[in-house]
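S.K.: Let me begin by handing over the structure; questions about it come next.
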Amino acid sequence: MQKRGSQYMNGAESLIRTLLGGGVRVCFANPGTSEIHVVAALDRNPEMRCVLGLFEGVVTGAADGYARVAEIPASTLLHLGPGLANGLANLHNASRARVPIINLVGQHATFHMHHDTPLTSDIEAIGRPYSEWLRTSAATERLGSDAAEAIVAARTLPGQIATLIVPANVAWGESGAVAAVPKIPAPPMPKKEAIEEAAAKLHSATETALLLSGKALYGPGLRAAGRIAAATGAQLLSPYPFTRMERGAGVPKVNRVAYILEQAKEQLKGFRQIILVGATPPVAYFAYQGKDSVLTAPDAEIYTVASPNEDLTGALVALADALSLPEGPVSEQNAVERPRCPTGEITLPGVSTVIGALIPDHTIVVDESMTSGRGLMPATAGAPRHDWLGNTGGSIGIALPLAVGAAVAAPERRVLCLTADGSAMYTLQALWTIAREQLKVTTVVFANRTYAVLKREFSYLGIGEPGPQAKEVFEIGRPDLDWVQMATGMGVPGKRVKSLEALAEALRDGFASDGPALIEVPL
């Protein structure tokens, strides 16, 4: 048995020390009794930062945001099956984002399971749908090596969710051993033939788009894609649900495929070739009666040059080399073009323009404003360079937790969180974590007091306006949500603005502060 000071190392300590040895430095936590030995081990290892979330959906969403910005996993700490279940909606989003997360989930002591006490559940069944790697640790002496395998699984590109279930007696057992983390495998390159075929397609006179996802949307991957687009005339596109996109002045221009089916079809109808780089063929989110779910033209050829599990940056660099492109920043880039800050009454175009005029350099934008924020990306195209994080899985309630994780990963950067009142209510507890950690998050809540996207979907039925019953499930007024009071009650300074001038002033104040701020925009 190993010793730490004068004490034997228990399983929980071997778990935390193995995670630290593997580069995991943050634990987003909402623990309970079955995890108390893990909490004690965290207490003895202050190198691991612990961030408390008051709801498990905040914990899992924060781990997602952290991974998107830091590109390494955080761990979560969740209480038994119900705690994991409470976090599943944002684990769904994280699985679609293909980011690395290590879930630590407590379990009853193995000898206690046969009592079938109230919190007993099939934790593996709950976690399996969203875990690429899942294991219940069977012995204290194996817990460290199980943690090492979880790290490798999570960090295998493009990133995966690994779930390690820790029975209480495995955590408190006194035969723990820290394990070394094996080398993380490099992602495979696409076959040479796939690169050459894509190059041949780009050399043709056919109208072509490169549909980019994952690491192809930021950093060296995006720069290589920009060189390719500039030299061949191909357009750069991203799916509507993307994990992270680098944007702003001096960055290659990427157009996001529209969410609304008809708009996306119109946007894509001219392309006869769509080359996929880490993306999947573009289809509608939902099926509609009498409408085709495929967004591309019937005669468009879809060609995959790199799958999500392959080296997307390497593929784009190799593709640029196959095209014999010169080195250097020759890509079509967004020009420096800030709009003038407008004045007057609140309008959605006006709000987008104010944000485009004021967004600081190097901001991380977290966006879950599907209805109210449609003008935001065009209005910010010429703003200083920034990163944009989207909702990858469609499960709402991700924006505030995602902002928590992004701010923890990059404390020197300002986070702008754009959300709506309906979706923010799913995880508003994140405001408390933002206040407690004094994170530099400025949150804008679009308060339209309705699930506007559902009203639009209802209109597709062609049966007129929603009646009383439908309105009861679409509208969230009566009583109206007061975001200023809710934010203040959780420790975040809040303002309600009634003009574009007031919005601009509130944004400037928020961006200049050393902590959080919330702005409610009534619509």
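Just so we're on the same page: first chain in the structure tokens is A, next is B, and so on; residues restart at 1 for each chain, and ligands are numbered from 1 in the order they show up.
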Based on the backbone DSSP call, show me all residues of segment 81-276 of chain A assigned alpha helix (DSSP H), as a ChimeraX atom specification.

M.R.: /A:81-86,88-97,123-127,140-155,168-172,192-203,219-232,261-268

S.K.: Mind giving me the straight-line distance from atom CA of Thr140 of chain A to atom CA of Asn10 of chain A in Å, one decimal?

M.R.: 7.5 Å

S.K.: Here is a test: counting only C-alpha atoms, which residue of A:Ala74, A:Val521, A:Ala180, A:Leu503 is nearest to Gly22 of chain A?

M.R.: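 The shortest atom-to-atom distance to Gly22 of chain A comes from A:Ala180.
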
S.K.: Residues at most 12 Å from Asp482 of chain A, counting only C-alpha atoms, excluding those fewer than 3 positions away in the same chain, as a ChimeraX atom specification?

M.R.: /A:421,425,445-449,476-479,485-489,494-496,518-522

S.K.: Can I get the residues of segment 342-439 of chain A within 7 Å of segment 80-101 of chain A, each with the closest pair of atoms and their distance in Å to one decimal, using only C-alpha atoms, sorted chain first then ascending number, as a tab-separated table?

M.R.:
residue	atom	partner	partner_atom	distance
A:Asn391	CA	A:Asn93	CA	6.9
A:Thr392	CA	A:Asn93	CA	5.5
A:Gly393	CA	A:Asn93	CA	4.1
A:Gly394	CA	A:Asn93	CA	6.9
A:Ser395	CA	A:Ala89	CA	6.1
A:Ile398	CA	A:Asn90	CA	6.4

S.K.: Generate the output file for the selected residues, N, CA, C and O atoms, as a CSV table (one decimal), in the first residue's frame.

M.R.:
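Saved as result12.csv:
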chain,number,residue,atom,x,y,z
A,391,ASN,N,-25.1,25.7,-29.4
A,391,ASN,CA,-25.8,24.5,-28.8
A,391,ASN,C,-25.8,23.4,-29.8
A,391,ASN,O,-26.4,23.4,-30.9
A,392,THR,N,-25.0,22.4,-29.5
A,392,THR,CA,-24.7,21.3,-30.5
A,392,THR,C,-25.8,20.2,-30.5
A,392,THR,O,-26.0,19.6,-31.5
A,393,GLY,N,-26.5,20.0,-29.4
A,393,GLY,CA,-27.4,18.9,-29.3
A,393,GLY,C,-28.9,19.3,-29.3
A,393,GLY,O,-29.8,18.4,-29.4
A,394,GLY,N,-29.2,20.6,-29.3
A,394,GLY,CA,-30.6,21.0,-29.3
A,394,GLY,C,-31.3,21.0,-28.0
A,394,GLY,O,-32.5,21.4,-27.9
A,395,SER,N,-30.7,20.4,-27.0
A,395,SER,CA,-31.3,20.4,-25.7
A,395,SER,C,-31.1,21.8,-25.0
A,395,SER,O,-30.0,22.2,-24.8
A,398,ILE,N,-28.5,25.2,-22.0
A,398,ILE,CA,-27.0,25.0,-22.1
A,398,ILE,C,-26.2,26.3,-21.9
A,398,ILE,O,-25.1,26.3,-21.4

S.K.: Of the candidates A:Glu197, A:Asp116, A:Ala409, A:Arg436, which shows the shortest atom-to-atom distance to Ile72 of chain A, using only C-alpha atoms?

M.R.: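 With only C-alpha atoms as the atom set, the closest residue is A:Ala409.
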
S.K.: Skipping near chain neighbours, those fewer than 3 positions away, what residues fall within 7 Å of Leu400 of chain A using only C-alpha atoms, listed as a list in words?

M.R.: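 So, after excluding close chain neighbours, the residues are Ala403, Val404, Cys417, Ala424, Thr427 and Ala430 of chain A.
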
S.K.: Any idea what's packed within 9 Å of Val354 of chain A, counting only C-alpha atoms, ignoring anything in its chain fewer than 5 positions away? Could you give it as a ChimeraX atom specification?

M.R.: /A:339-343,349,359,379,500-501,503-504,507

S.K.: Could you write out that same residue set with N, CA, C and O atoms as a short mmCIF file (atom, residue, chain, number, x, y, z; two decimals), in the first residue's frame?

M.R.:
data_model
loop_
_atom_site.label_atom_id
_atom_site.label_comp_id
_atom_site.auth_asym_id
_atom_site.auth_seq_id
_atom_site.Cartn_x
_atom_site.Cartn_y
_atom_site.Cartn_z
N PRO A 339 -20.27 48.02 -36.81
CA PRO A 339 -21.40 48.92 -37.07
C PRO A 339 -21.42 50.06 -36.06
O PRO A 339 -20.87 49.96 -34.97
N ARG A 340 -22.05 51.15 -36.43
CA ARG A 340 -22.24 52.25 -35.49
C ARG A 340 -23.29 51.85 -34.46
O ARG A 340 -24.26 51.16 -34.77
N CYS A 341 -23.10 52.29 -33.25
CA CYS A 341 -24.02 51.94 -32.17
C CYS A 341 -25.34 52.70 -32.37
O CYS A 341 -25.37 53.93 -32.37
N PRO A 342 -26.46 51.99 -32.57
CA PRO A 342 -27.72 52.66 -32.84
C PRO A 342 -28.38 53.18 -31.56
O PRO A 342 -27.98 52.84 -30.44
N THR A 343 -29.39 53.97 -31.73
CA THR A 343 -30.17 54.50 -30.61
C THR A 343 -31.65 54.24 -30.87
O THR A 343 -32.04 53.83 -31.96
N PRO A 349 -33.02 43.78 -34.57
CA PRO A 349 -31.85 44.23 -35.35
C PRO A 349 -31.00 45.25 -34.59
O PRO A 349 -29.77 45.21 -34.67
N ILE A 359 -18.71 44.49 -28.77
CA ILE A 359 -18.08 43.25 -28.30
C ILE A 359 -16.57 43.42 -28.20
O ILE A 359 -15.92 43.87 -29.13
N ALA A 379 -24.03 40.68 -37.58
CA ALA A 379 -23.68 41.96 -36.97
C ALA A 379 -22.30 41.94 -36.31
O ALA A 379 -21.70 43.00 -36.09
N LEU A 500 -32.04 51.17 -26.74
CA LEU A 500 -30.75 50.73 -27.23
C LEU A 500 -29.61 51.48 -26.57
O LEU A 500 -28.53 50.92 -26.34
N GLU A 501 -29.84 52.75 -26.22
CA GLU A 501 -28.81 53.50 -25.50
C GLU A 501 -28.53 52.87 -24.14
O GLU A 501 -27.38 52.74 -23.71
N LEU A 503 -29.06 49.75 -23.32
CA LEU A 503 -28.39 48.47 -23.55
C LEU A 503 -26.90 48.69 -23.77
O LEU A 503 -26.08 47.96 -23.20
N ALA A 504 -26.55 49.67 -24.58
CA ALA A 504 -25.14 49.95 -24.83
C ALA A 504 -24.41 50.32 -23.55
O ALA A 504 -23.29 49.84 -23.29
N LEU A 507 -23.97 47.17 -21.42
CA LEU A 507 -22.93 46.29 -21.96
C LEU A 507 -21.54 46.84 -21.67
O LEU A 507 -20.64 46.09 -21.28
#
